[in-house]
Number of protein chains: 4
Amino acid sequence: MSDVKKVVLAYSGGLDTSVILKWLQDTYQCEVVTFTADLGQGEELEPARQKALKFGIKPENIYIDDLREEFVRDFVFPMFRANTVYEGEYLLGTSIARPLIAKRLIDIARETGADTISHGATGKGNDQVRFELGAYALMPEVKVIAPWREWDLLSREKLMAYAEANGIEVDMKHKNGGAPYSMDANLLHISYEGRHLENPSAEAEESMWRWTVSPEQAPDAPEYLDVEFEKGDIVALNGVRLSPAQVLTQLNQLGGKHGIGRLDLVENRYVGMKSRGCYETPGGTIILKAHRAIESITLDREVAHLKDDLMPRYASMIYNGYWWAPERKVLQTLIDETQKTVNGWVRLKLYKGNVIVVSRDSKTNSLFDMNIATFDDDGGAYNQVDAGGFIKLNALRMRIAGRLNK
Amino acid sequence: MSDVKKVVLAYSGGLDTSVILKWLQDTYQCEVVTFTADLGQGEELEPARQKALKFGIKPENIYIDDLREEFVRDFVFPMFRANTVYEGEYLLGTSIARPLIAKRLIDIARETGADTISHGATGKGNDQVRFELGAYALMPEVKVIAPWREWDLLSREKLMAYAEANGIEVDMKHKNGGAPYSMDANLLHISYEGRHLENPSAEAEESMWRWTVSPEQAPDAPEYLDVEFEKGDIVALNGVRLSPAQVLTQLNQLGGKHGIGRLDLVENRYVGMKSRGCYETPGGTIILKAHRAIESITLDREVAHLKDDLMPRYASMIYNGYWWAPERKVLQTLIDETQKTVNGWVRLKLYKGNVIVVSRDSKTNSLFDMNIATFDDDGGAYNQVDAGGFIKLNALRMRIAGRLNK
Amino acid sequence: MSDVKKVVLAYSGGLDTSVILKWLQDTYQCEVVTFTADLGQGEELEPARQKALKFGIKPENIYIDDLREEFVRDFVFPMFRANTVYEGEYLLGTSIARPLIAKRLIDIARETGADTISHGATGKGNDQVRFELGAYALMPEVKVIAPWREWDLLSREKLMAYAEANGIEVDMKHKNGGAPYSMDANLLHISYEGRHLENPSAEAEESMWRWTVSPEQAPDAPEYLDVEFEKGDIVALNGVRLSPAQVLTQLNQLGGKHGIGRLDLVENRYVGMKSRGCYETPGGTIILKAHRAIESITLDREVAHLKDDLMPRYASMIYNGYWWAPERKVLQTLIDETQKTVNGWVRLKLYKGNVIVVSRDSKTNSLFDMNIATFDDDGGAYNQVDAGGFIKLNALRMRIAGRLNK
Amino acid sequence: MSDVKKVVLAYSGGLDTSVILKWLQDTYQCEVVTFTADLGQGEELEPARQKALKFGIKPENIYIDDLREEFVRDFVFPMFRANTVYEGEYLLGTSIARPLIAKRLIDIARETGADTISHGATGKGNDQVRFELGAYALMPEVKVIAPWREWDLLSREKLMAYAEANGIEVDMKHKNGGAPYSMDANLLHISYEGRHLENPSAEAEESMWRWTVSPEQAPDAPEYLDVEFEKGDIVALNGVRLSPAQVLTQLNQLGGKHGIGRLDLVENRYVGMKSRGCYETPGGTIILKAHRAIESITLDREVAHLKDDLMPRYASMIYNGYWWAPERKVLQTLIDETQKTVNGWVRLKLYKGNVIVVSRDSKTNSLFDMNIATFDDDGGAYNQVDAGGFIKLNALRMRIAGRLNK
């Protein structure tokens with residue numbers, strides 16, 4: 001174990017990663033670099049710095065980064081260009097944040113000359129895979145320490161005993177049995193797993209949800225929202241131009257207010273088991289609906305169908321941790337290429353959990369041709385007689401087969 | 001034109017198909033058989049019989065069939081087994097009814113010795129394709145008369161003039177400019193197209209919707225609903241065993257009451273143009289959500305992903321009119337094979353436009369393994385160390401490539 | 001018909017398109033522009049100019065273009081980057097030439113102010129679709145005249161009678177019943193259809209084949225060939241750098257000499273029927289084999305599999321005439337992106353119909369890692385124990401299901 | 001390690017598995033059951049029985065099975081129904097045999113009350129995955145011992161030292177450095193890997209190949225072969241009805257004689273590295289070619305394309321070891337369903353490495369319609385005018401887009 005010299009730890013400042021920090025120092029006798037990211041999870045980051053200092057981490061080895069704009073611009077938005085949904089429901093809120101963390105871990109490893117990274121993900125989940133696949137793709141020779149797969153602190157009790165024995169502060173919450181759920185949050189979503197959610201036939205408690213009011217508690221009056229797209233990304237809300245992180249922040253507020261974006265589902269993990277999770281993705285739920293609507297008038301039919309056919313595969317790539325893999329990158333070139341014409345606006349109505357598309361248009365790229373679509377006389381724009389030949393030729397192979405069957 | 005001897009007409013009893021009936025008699029001098037189906041559209045069928053008799057149709061040439069059970073059992077349910085959605089939104093309410101009508105037209109043609117079928121679909125829409133591809137597949141030598149592609153009654157005025165000149169009753173509605181929308185209804189949905197919907201940037205009027213109240217008008221109290229599945233089909237609601245048509249009828253009532261299943265979208269027609277449509281699919285919206293939920297615990301991951309990858313293609317087959325084509329049939333064998341284990345129940349909460357899954361289970365086929373999924377100690381059911389090897393081998397190709405890039 | 005002012009005709013100078021030229025002048029009373037392309041079909045083009053002049057075509061309306069380099073560089077090579085094969089066998093030799101002809105027809109229409117194009121493809125084949133879809137995509141308002149779908153000269157006899165009545169030279173070959181086959185040739189292939197090939201159970205006659213000797217007649221000694229790739233395209237043969245058309249010309253000579261590239265197959269036409277065709281694609285057959293070999297060491301596994309999964313769809317796009325459609329173009333961006341690393345060389349052995357890969361390597365982009373692949377001791381490059389975890393996690397879902405089945 | 005009671009070993013009787021047998025007895029102190037299969041590899045099996053007896057294996061614990069018919073009927077033939085090829089080249093000869101061995105290992109484990117299986121596959125290859133995924137799928141609680149991942153006999157020298165120390169006979173071949181290649185053989189193929197093949201730029205030596213003569217050494221006269229299919233499987237050769245294993249045996253003889261079925265390629269292993277392999281698949285190469293030919297006249301176009309689109313995925317399932325996984329099984333139902341109409345015959349010409357299709361027909365299921373396909377007058381079977389409408393509607397979306405671009 002002596003071959004680890006310097007390790008970059010994804011450090012939240014919480015109990016688990018504090019224990020990991022100490023355990024790394026003790027077990028590997030190595031220098032530790034901490035990396036704490038603001039991905040919009042809504043927590044103070046400065047306490048993490050203070051804690052790291054207390055563990056003897058050198059100030060220059062403490063990285064605290066605001067990654068919110070990068071997160072939305074380079075990860076969330078590109079993903080939504082594909083209308084990405086995993087297994088028909090899940091908006092990939094956790095999955096899409098992991099490759100950015102992996103990238104920063106490796107960037108910092110290169111900057112600090114570290115040879116190893118470490119993280120606090122468990123050995124049963126997808127996140128370990130996402131962190132490590134990303135790290136290996138970006139720095140093939142990197143070493144990885146995943147304490148949950150190595151140490152013997154597998155129970156809550158042992159973990160807290162270790163913390164107390166090493167002077168790591170355990171707050172009231174943990175003393176009283178810890179959070180009722182395993183949670184993850186970033187600007188795209190907050191997730192809940194574990195505890196009584198582990199029984200998929202048990203209804204989630206209303207008190208669990210943090211970011212959204214329930215549809216029942218949402219305002220009785222609907223709210224209209226105008227969303228403007230450029231190349232498939234939202235650039236303005238209600239006529240006000242915003243940065244990517246501002247867009248998502250504001251959509252989260254609106255969605256949260258109107259009870260939008262709750263999900264309760266069972267998903268298939270890459271590591272092989274089914275898992276029940278609850279998610280709040282208020283802004284993402286709005287983006288998805290609006291993006292499909294703007295594409296509906298600006299994308300060619302066959303391009304849209306090609307995207308739809310490839311979407312589940314793209315979603316699996318992200319879910320499984322292959323953001324930095326070459327297959328995801330080449331697929332992204334196709335997706336991005338399709339978005340050049342996805343410009344225009346969509347009007348939505350938000351009301352008690354519903355995101356309702358009420359109108360959409362594009363000044364520059366609408367493929368909707370009223371002259372042809374009309375039920376009224378189209379002045380010869382479309383010759384109905386053509387349809388007869390179209391049908392006849394499309395039917396030909398079936399007619400030949402039908403004759404044979406007689 | 002003299003080569004048409006006997007024609008089976010899909011006859012609704014309304015103005016358009018009444019004009020067609022008369023026009024067929026006049027133009028082709030042929031015997032006409034009328035076929036009127038109850039697909040759950042909610043209209044009286046007996047008036048169609050009386051009208052047909054008035055046109056001189058022989059009683060034995062008048063077919064009026066209640067197809068509701070067949071429709072749901074053999075078309076709607078098989079389609080939902082694939083979680084079928086066209087272009088991310090549309091539940092295919094019109095598309096899935098057409099192959100049944102095509103089948104009955106051909107059945108009746110064989111029974112009555114007719115050589116021709118006719119329908120009232122326009123030359124711009126998808127329905128002509130669906131009727132005719134179905135007919136040709138089932139009876140390759142059949143002749144098809146599509147009056148809207150042949151005659152010169154293309155304007156509303158001409159049509160009504162023809163009606164009046166031929167003693168065809170034109171009711172007040174049509175005299176006053178006709179329905180504001182082109183509509184289609186069956187047990188799965190009601191659709192609206194045309195008129196001011198032809199402008200995709202115009203919001204639909206609240207008065208248009210017929211089957212559902214608006215979410216705003218829906219009850220303030222949520223309603224729970226237990227749905228039971230066998231082999232992927234719903235067989236009971238709230239513990240009461242029901243026939244397929246009964247299931248859908250009851251789900252429509254529940255959905256309609258709670259403002260569920262409205263859609264406003266722009267779709268890509270098979271004949272090449274974009275078209276704006278509004279749809280109410282209250283029961284179908286509930287089925288889709290519940291079906292995904294029961295599959296989430298009873299389907300193997302890779303089987304579910306294979307289905308998801310194929311779904312858009314299957315949806316296009318149905319949308320484009322290829323229900324009776326061999327590729328749809330072989331794909332159905334795969335879909336149906338996957339449903340053998342899709343047994344269990346789902347609990348839903350219906351509230352103001354929302355269909356919320358709150359729990360799900362299967363006594364016989366749950367693949368959810370609490371012992372393995374747990375965040376607590378699993379007693380060795382899953383060895384976390386395995387994950388290290390899993391990641392290492394999945395990363396190998398990227399690590400080799402990464403070394404090369406240096 | 002008087003609304004045609006000027007028409008650009010794809011003119012080979014042969015009997016059929018000469019009759020069309022005259023028929024267009026007579027029927028439409030319009031100015032005709034002739035376009036004759038050298039795509040490597042191996043025929044003199046100057047006679048076409050003389051014939052056109054005889055029909056009174058103005059010299060400035062006669063276009064004779066050498067398109068060989070453009071054809072191989074912008075159409076053949078991009079297609080082979082995807083290892084494109086239609087229905088497992090056909091190398092798309094005819095299909096890939098049509099979009100270039102369509103493009104030039106439209107370019108010339110714009111240059112000459114023509115409003116219409118015309119071609120000599122029949123109403124039963126794929127080529128009419130390819131010409132016209134291309135033309136409509138590139139110039140939506142263009143008018144198309146497809147004489148074989150319009151006129152009454154459908155039999156050989158009528159055509160020749162028309163020719164004689166109009167002073168069009170009919171050579172001996174046609175007087176004696178014409179060519180035994182319907183043929184098409186360009187730098188990629190020559191094709192044979194019709195006549196006794198119309199019986200798929202009849203063997204093709206040896207005398208039919210024109211570009212290749214039979215394997216039996218090929219040299220008794222094999223010949224080695226070194227092929228060098230850059231970004232997926234062949235840039236050198238046996239160490240000599242060549243232009244795209246030179247590459248294909250030389251590969252055709254080598255392949256033809258060694259009896260390589262004959263195909264006898266039944267294909268499914270886009271217009272609905274099955275059709276038997278025989279093809280000689282000597283150079284293309286070599287390219288396909290060599291390209292797969294160079295990709296085998298330079299492409300990532302998942303990228304290669306993504307390409308393989310999409311290839312049949314891409315092949316259908318080309319076969320069906322959608323080269324200029326947006327879906328083909330976005331798919332090409334993905335394909336081209338994958339080829340950046342496809343650099344290196346392949347050694348082939350050509351012998352009596354066989355193209356045998358004997359070795360391959362890449363100085364810059366080989367992902368083949370001997371240290372890891374070896375059966376001998378790899379010095380720790382790969383930890384065999386990892387495989388246990390890899391298998392265990394991949395098996396997990398099946399084990400959970402298996403326990404349930406007991 | 002004491003928890004292993006009885007282990008079923010896949011036992012070839014060769015040096016490696018003999019060492020494993022002894023090592024299992026010593027290391028695990030457990031009862032060993034040996035399983036030796038005749039899959040057509042062309043080796044005597046009785047010596048394996050004698051050797052097993054020498055190790056003290058009880059006679060009732062020695063299983064020697066002739067699995068050739070089952071292998072071809074239930075594995076090889078079903079695979080070829082999909083025209084299965086991995087990465088464009090490899091016919092999966094090794095991959096397809098593994099699931100049968102896994103199945104028999106588990107069958108025997110159940111019969112003998114064993115709790116464990118063991119095999120001699122290395123930790124770097126695909127075969128360990130195939131054996132173990134199959135075993136876990138069929139018997140979730142089974143234990144697996146993969147000695148190559150556990151023991152310290154990783155070098156040839158150590159292995160032989162262990163053999164000698166334990167009285168295991170080492171024949172001359174092994175004493176002289178062993179076979180130059182790692183080989184695997186069964187009725188479908190023989191494979192070569194390792195040693196100087198590990199350099200992909202080195203040409204394979206002619207002396208390596210065992211089952212086929214080189215094309216150069218093959219007879220100078222071609223040989224015709226008639227192949228008859230029923231439901232996609234070959235049932236007769238040259239008019240003589242044969243069992244599945246007889247068919248493949250005879251095709252191997254014919255193919256071997258004519259130098260057919262050699263392959264030299266680099267493939268992507270499931271465990272992550274690229275690997276160079278040489279294969280001889282004489283009979284399989286003939287089956288593939290013939291099967292595509294019979295499908296070309298008996299399969300509907302869209303069914304054929306659906307199969308082609310799914311084939312690479314199906315091939316990966318087999319290559320990666322998922323034969324017994326539910327996704328392979330449901331996909332097989334689709335494939336098998338398509339084969340109901342694949343009845344008829346194909347005539348092939350075999351000559352110096354070439355398998356040339358010269359004719360094909362089906363009395364019962366040919367979809368080839370000469371009346372429609374003909375270039376001559378078809379008497380109205382196909383109306384060429386229909387093609388105009390077909391093209392116009394297919395072009396519509398591109399024309400609308402084209403107008404926008406102006």
# chains A, B, ... in the order shown; residues from 1 in each chain; ligands from 1
>>> residues_around(residues="A:Glu164", least_positions_apart="5", cutoff="12 Å", atoms="only C-alpha atoms", output="PDB file with N, CA and C atoms, in the first residue's frame")
ATOM      1  N   LEU A  15     -19.610  13.708   7.136  1.00  0.00           N
ATOM      2  CA  LEU A  15     -19.034  12.688   8.005  1.00  0.00           C
ATOM      3  C   LEU A  15     -18.272  11.623   7.224  1.00  0.00           C
ATOM      4  N   SER A  18     -15.116  12.727   5.584  1.00  0.00           N
ATOM      5  CA  SER A  18     -14.137  13.101   6.604  1.00  0.00           C
ATOM      6  C   SER A  18     -13.470  11.854   7.176  1.00  0.00           C
ATOM      7  N   VAL A  19     -14.251  10.857   7.428  1.00  0.00           N
ATOM      8  CA  VAL A  19     -13.665   9.591   7.891  1.00  0.00           C
ATOM      9  C   VAL A  19     -12.714   9.043   6.835  1.00  0.00           C
ATOM     10  N   LYS A  22      -9.344  10.867   6.868  1.00  0.00           N
ATOM     11  CA  LYS A  22      -8.485  10.404   7.964  1.00  0.00           C
ATOM     12  C   LYS A  22      -7.959   8.982   7.693  1.00  0.00           C
ATOM     13  N   GLU A 157     -22.298   1.956  12.727  1.00  0.00           N
ATOM     14  CA  GLU A 157     -21.735   2.012  14.070  1.00  0.00           C
ATOM     15  C   GLU A 157     -20.208   2.088  14.021  1.00  0.00           C
ATOM     16  N   LYS A 158     -19.623   1.217  13.213  1.00  0.00           N
ATOM     17  CA  LYS A 158     -18.170   1.204  13.118  1.00  0.00           C
ATOM     18  C   LYS A 158     -17.655   2.529  12.593  1.00  0.00           C
ATOM     19  N   LEU A 159     -18.366   3.073  11.639  1.00  0.00           N
ATOM     20  CA  LEU A 159     -17.960   4.336  11.053  1.00  0.00           C
ATOM     21  C   LEU A 159     -17.939   5.427  12.114  1.00  0.00           C
ATOM     22  N   GLU A 169     -15.839  15.298  14.064  1.00  0.00           N
ATOM     23  CA  GLU A 169     -17.102  15.779  14.593  1.00  0.00           C
ATOM     24  C   GLU A 169     -18.273  14.994  14.004  1.00  0.00           C
ATOM     25  N   VAL A 170     -19.123  14.468  14.852  1.00  0.00           N
ATOM     26  CA  VAL A 170     -20.340  13.776  14.392  1.00  0.00           C
ATOM     27  C   VAL A 170     -21.516  14.618  14.851  1.00  0.00           C
ATOM     28  N   ASP A 171     -22.253  15.182  13.899  1.00  0.00           N
ATOM     29  CA  ASP A 171     -23.320  16.085  14.320  1.00  0.00           C
ATOM     30  C   ASP A 171     -24.537  15.308  14.815  1.00  0.00           C
ATOM     31  N   HIS A 174     -26.383  12.658  12.687  1.00  0.00           N
ATOM     32  CA  HIS A 174     -25.798  11.324  12.574  1.00  0.00           C
ATOM     33  C   HIS A 174     -25.914  10.556  13.885  1.00  0.00           C
ATOM     34  N   LYS A 175     -25.778  11.304  14.987  1.00  0.00           N
ATOM     35  CA  LYS A 175     -25.888  10.612  16.270  1.00  0.00           C
ATOM     36  C   LYS A 175     -27.250   9.983  16.430  1.00  0.00           C
TER      37      LYS A 175
END
>>> residues_around(residues="B:Ile117", least_positions_apart="3", cutoff="7 Å", atoms="only C-alpha atoms", output="NGL selection string")
:B and (7-9 or 105 or 143-145)
>>> select_by_dssp(residues="stretch 193-365 of chain D", states="strand (DSSP E)", output="VMD selection string")
chain D and resid 193 223 to 230 233 to 237 240 to 241 262 to 268 274 to 280 344 to 351 354 to 361
>>> select_by_dssp(residues="stretch 203-330 of chain B", states="helix (DSSP H, G or I)", output="MDAnalysis selection string")
chainID B and resid 206:208 215:217 244:257 282:298 301:320 326:330
>>> closest_atom_pairs(of="chain A", to="chain C", cutoff="10 Å", atoms="only C-alpha atoms", output="Markdown table")
| residue | atom | partner | partner_atom | distance |
| --- | --- | --- | --- | --- |
| A:Lys124 | CA | C:Leu393 | CA | 9.9 |
| A:Asn268 | CA | C:Arg397 | CA | 9.2 |
| A:Arg269 | CA | C:Arg397 | CA | 9.7 |
| A:Tyr270 | CA | C:Asn394 | CA | 8.6 |
| A:Val271 | CA | C:Leu393 | CA | 5.6 |
| A:Gly272 | CA | C:Arg397 | CA | 5.2 |
| A:Met273 | CA | C:Arg397 | CA | 6.0 |
| A:Lys274 | CA | C:Arg397 | CA | 8.4 |
| A:Leu299 | CA | C:Pro326 | CA | 9.5 |
| A:Asp300 | CA | C:Pro326 | CA | 7.2 |
| A:Arg301 | CA | C:Glu327 | CA | 8.7 |
| A:Glu302 | CA | C:Glu327 | CA | 5.8 |
| A:Val303 | CA | C:Glu327 | CA | 4.8 |
| A:Ala304 | CA | C:Glu327 | CA | 8.5 |
| A:His305 | CA | C:Glu327 | CA | 9.0 |
| A:Leu306 | CA | C:Glu327 | CA | 7.3 |
| A:Lys307 | CA | C:Glu327 | CA | 9.5 |
| A:Leu310 | CA | C:Leu310 | CA | 9.6 |
| A:Arg313 | CA | C:Leu306 | CA | 9.6 |
| A:Ala325 | CA | C:Glu302 | CA | 8.7 |
| A:Pro326 | CA | C:Val303 | CA | 6.6 |
| A:Glu327 | CA | C:Val303 | CA | 4.8 |
| A:Arg328 | CA | C:Val303 | CA | 8.5 |
| A:Lys329 | CA | C:Glu337 | CA | 9.2 |
| A:Val330 | CA | C:Leu334 | CA | 5.7 |
| A:Leu331 | CA | C:Leu334 | CA | 6.4 |
| A:Gln332 | CA | C:Leu334 | CA | 8.3 |
| A:Thr333 | CA | C:Leu334 | CA | 6.1 |
| A:Leu334 | CA | C:Leu334 | CA | 5.3 |
| A:Ile335 | CA | C:Val330 | CA | 8.1 |
| A:Asp336 | CA | C:Val330 | CA | 9.2 |
| A:Glu337 | CA | C:Val330 | CA | 6.3 |
| A:Thr338 | CA | C:Val330 | CA | 6.6 |
| A:Phe390 | CA | C:Val271 | CA | 9.4 |
| A:Lys392 | CA | C:Gly272 | CA | 9.2 |
| A:Leu393 | CA | C:Val271 | CA | 5.6 |
| A:Asn394 | CA | C:Gly272 | CA | 6.4 |
| A:Ala395 | CA | C:Gly272 | CA | 7.5 |
| A:Leu396 | CA | C:Gly272 | CA | 5.2 |
| A:Arg397 | CA | C:Gly272 | CA | 5.1 |
| A:Met398 | CA | C:Gly272 | CA | 8.7 |
| A:Arg399 | CA | C:Gly272 | CA | 9.6 |
| A:Ile400 | CA | C:Met273 | CA | 8.1 |
>>> closest_residue(among="B:Ser201, B:Gln253, B:Gln41, B:Thr84", to="B:Arg68", atoms="only C-alpha atoms")
B:Gln41
>>> residues_around(residues="stretch 93-101 of chain C", least_positions_apart="3", cutoff="10 Å", atoms="only C-alpha atoms", output="ChimeraX atom specification")
/C:10,35-37,39,67,70-72,74-76,79,90,104-107,126-135,183-191,279-281,284,315-324
>>> atom_distance(atom1="atom CA of C:Thr249", atom2="atom CA of C:Gln217")
21.0 Å
>>> atom_distance(atom1="atom CA of C:Val227", atom2="atom CA of C:Trp345")
5.5 Å
>>> residues_around(residues="stretch 362-368 of chain B", least_positions_apart="2", cutoff="7 Å", atoms="only C-alpha atoms", output="tab-separated table (two decimals) with N, CA, C and O atoms, in the first residue's frame")
chain	number	residue	atom	x	y	z
A	274	LYS	N	-31.71	-4.23	-9.06
A	274	LYS	CA	-32.72	-3.20	-9.16
A	274	LYS	C	-32.67	-2.34	-7.91
A	274	LYS	O	-32.34	-2.83	-6.82
B	297	ILE	N	-40.15	-3.73	-12.01
B	297	ILE	CA	-39.73	-4.75	-11.04
B	297	ILE	C	-39.80	-6.19	-11.58
B	297	ILE	O	-39.30	-7.10	-10.96
B	298	THR	N	-40.40	-6.38	-12.75
B	298	THR	CA	-40.57	-7.76	-13.24
B	298	THR	C	-39.77	-8.07	-14.50
B	298	THR	O	-39.66	-9.23	-14.88
B	341	THR	N	-43.57	-12.59	-17.72
B	341	THR	CA	-43.28	-12.37	-16.30
B	341	THR	C	-43.86	-11.06	-15.77
B	341	THR	O	-43.64	-10.73	-14.61
B	343	ASN	N	-46.29	-9.67	-14.24
B	343	ASN	CA	-47.44	-9.93	-13.39
B	343	ASN	C	-47.24	-9.22	-12.06
B	343	ASN	O	-46.17	-9.28	-11.47
B	344	GLY	N	-48.30	-8.57	-11.57
B	344	GLY	CA	-48.18	-7.88	-10.29
B	344	GLY	C	-49.13	-6.69	-10.24
B	344	GLY	O	-50.05	-6.59	-11.05
B	345	TRP	N	-48.89	-5.83	-9.28
B	345	TRP	CA	-49.80	-4.69	-9.13
B	345	TRP	C	-49.04	-3.39	-8.93
B	345	TRP	O	-47.89	-3.38	-8.47
B	370	MET	N	-34.36	-7.16	-2.05
B	370	MET	CA	-34.04	-6.24	-0.96
B	370	MET	C	-32.72	-6.57	-0.29
B	370	MET	O	-31.99	-5.68	0.13
C	400	ILE	N	-30.23	-13.42	-9.73
C	400	ILE	CA	-31.44	-13.03	-8.98
C	400	ILE	C	-32.67	-13.65	-9.64
C	400	ILE	O	-33.55	-14.20	-8.97
C	401	ALA	N	-32.71	-13.56	-10.97
C	401	ALA	CA	-33.85	-14.15	-11.68
C	401	ALA	C	-33.89	-15.66	-11.50
C	401	ALA	O	-34.96	-16.25	-11.34
>>> residues_around(residues="B:Gln29", least_positions_apart="3", cutoff="10 Å", atoms="only C-alpha atoms", output="JSON, numbers by chain")
{"B": [1, 2, 3, 4, 5, 6, 22, 23, 24, 25, 26, 32]}
>>> write_last_selection(atoms="N, CA, C and O atoms", output="PDB file, in the first residue's frame")
ATOM      1  N   MET B   1     -64.102   2.539 -64.960  1.00  0.00           N
ATOM      2  CA  MET B   1     -64.678   2.548 -63.614  1.00  0.00           C
ATOM      3  C   MET B   1     -65.739   1.463 -63.449  1.00  0.00           C
ATOM      4  O   MET B   1     -66.194   1.199 -62.349  1.00  0.00           O
ATOM      5  N   SER B   2     -66.082   0.858 -64.566  1.00  0.00           N
ATOM      6  CA  SER B   2     -67.162  -0.129 -64.500  1.00  0.00           C
ATOM      7  C   SER B   2     -66.698  -1.434 -63.874  1.00  0.00           C
ATOM      8  O   SER B   2     -67.476  -2.343 -63.688  1.00  0.00           O
ATOM      9  N   ASP B   3     -65.420  -1.521 -63.533  1.00  0.00           N
ATOM     10  CA  ASP B   3     -64.928  -2.806 -63.039  1.00  0.00           C
ATOM     11  C   ASP B   3     -65.164  -2.998 -61.543  1.00  0.00           C
ATOM     12  O   ASP B   3     -64.724  -3.977 -60.971  1.00  0.00           O
ATOM     13  N   VAL B   4     -65.810  -2.045 -60.898  1.00  0.00           N
ATOM     14  CA  VAL B   4     -66.144  -2.233 -59.491  1.00  0.00           C
ATOM     15  C   VAL B   4     -67.535  -2.840 -59.377  1.00  0.00           C
ATOM     16  O   VAL B   4     -68.498  -2.279 -59.885  1.00  0.00           O
ATOM     17  N   LYS B   5     -67.604  -3.984 -58.687  1.00  0.00           N
ATOM     18  CA  LYS B   5     -68.908  -4.640 -58.606  1.00  0.00           C
ATOM     19  C   LYS B   5     -69.606  -4.372 -57.290  1.00  0.00           C
ATOM     20  O   LYS B   5     -70.774  -4.040 -57.223  1.00  0.00           O
ATOM     21  N   LYS B   6     -68.871  -4.572 -56.227  1.00  0.00           N
ATOM     22  CA  LYS B   6     -69.473  -4.394 -54.917  1.00  0.00           C
ATOM     23  C   LYS B   6     -68.423  -3.777 -53.997  1.00  0.00           C
ATOM     24  O   LYS B   6     -67.281  -4.243 -53.969  1.00  0.00           O
ATOM     25  N   LYS B  22     -73.493   7.894 -51.537  1.00  0.00           N
ATOM     26  CA  LYS B  22     -74.288   8.274 -52.719  1.00  0.00           C
ATOM     27  C   LYS B  22     -73.390   8.415 -53.940  1.00  0.00           C
ATOM     28  O   LYS B  22     -73.723   7.954 -55.038  1.00  0.00           O
ATOM     29  N   TRP B  23     -72.246   9.027 -53.726  1.00  0.00           N
ATOM     30  CA  TRP B  23     -71.319   9.257 -54.837  1.00  0.00           C
ATOM     31  C   TRP B  23     -70.806   7.934 -55.415  1.00  0.00           C
ATOM     32  O   TRP B  23     -70.648   7.786 -56.620  1.00  0.00           O
ATOM     33  N   LEU B  24     -70.580   6.972 -54.537  1.00  0.00           N
ATOM     34  CA  LEU B  24     -70.152   5.647 -55.015  1.00  0.00           C
ATOM     35  C   LEU B  24     -71.238   5.023 -55.891  1.00  0.00           C
ATOM     36  O   LEU B  24     -70.950   4.468 -56.950  1.00  0.00           O
ATOM     37  N   GLN B  25     -72.475   5.109 -55.395  1.00  0.00           N
ATOM     38  CA  GLN B  25     -73.580   4.532 -56.163  1.00  0.00           C
ATOM     39  C   GLN B  25     -73.684   5.184 -57.532  1.00  0.00           C
ATOM     40  O   GLN B  25     -73.845   4.506 -58.546  1.00  0.00           O
ATOM     41  N   ASP B  26     -73.572   6.501 -57.536  1.00  0.00           N
ATOM     42  CA  ASP B  26     -73.723   7.225 -58.795  1.00  0.00           C
ATOM     43  C   ASP B  26     -72.543   7.012 -59.730  1.00  0.00           C
ATOM     44  O   ASP B  26     -72.709   6.797 -60.922  1.00  0.00           O
ATOM     45  N   VAL B  32     -73.419  -1.316 -52.768  1.00  0.00           N
ATOM     46  CA  VAL B  32     -72.631  -0.835 -51.631  1.00  0.00           C
ATOM     47  C   VAL B  32     -73.013  -1.605 -50.375  1.00  0.00           C
ATOM     48  O   VAL B  32     -74.194  -1.842 -50.111  1.00  0.00           O
TER      49      VAL B  32
END
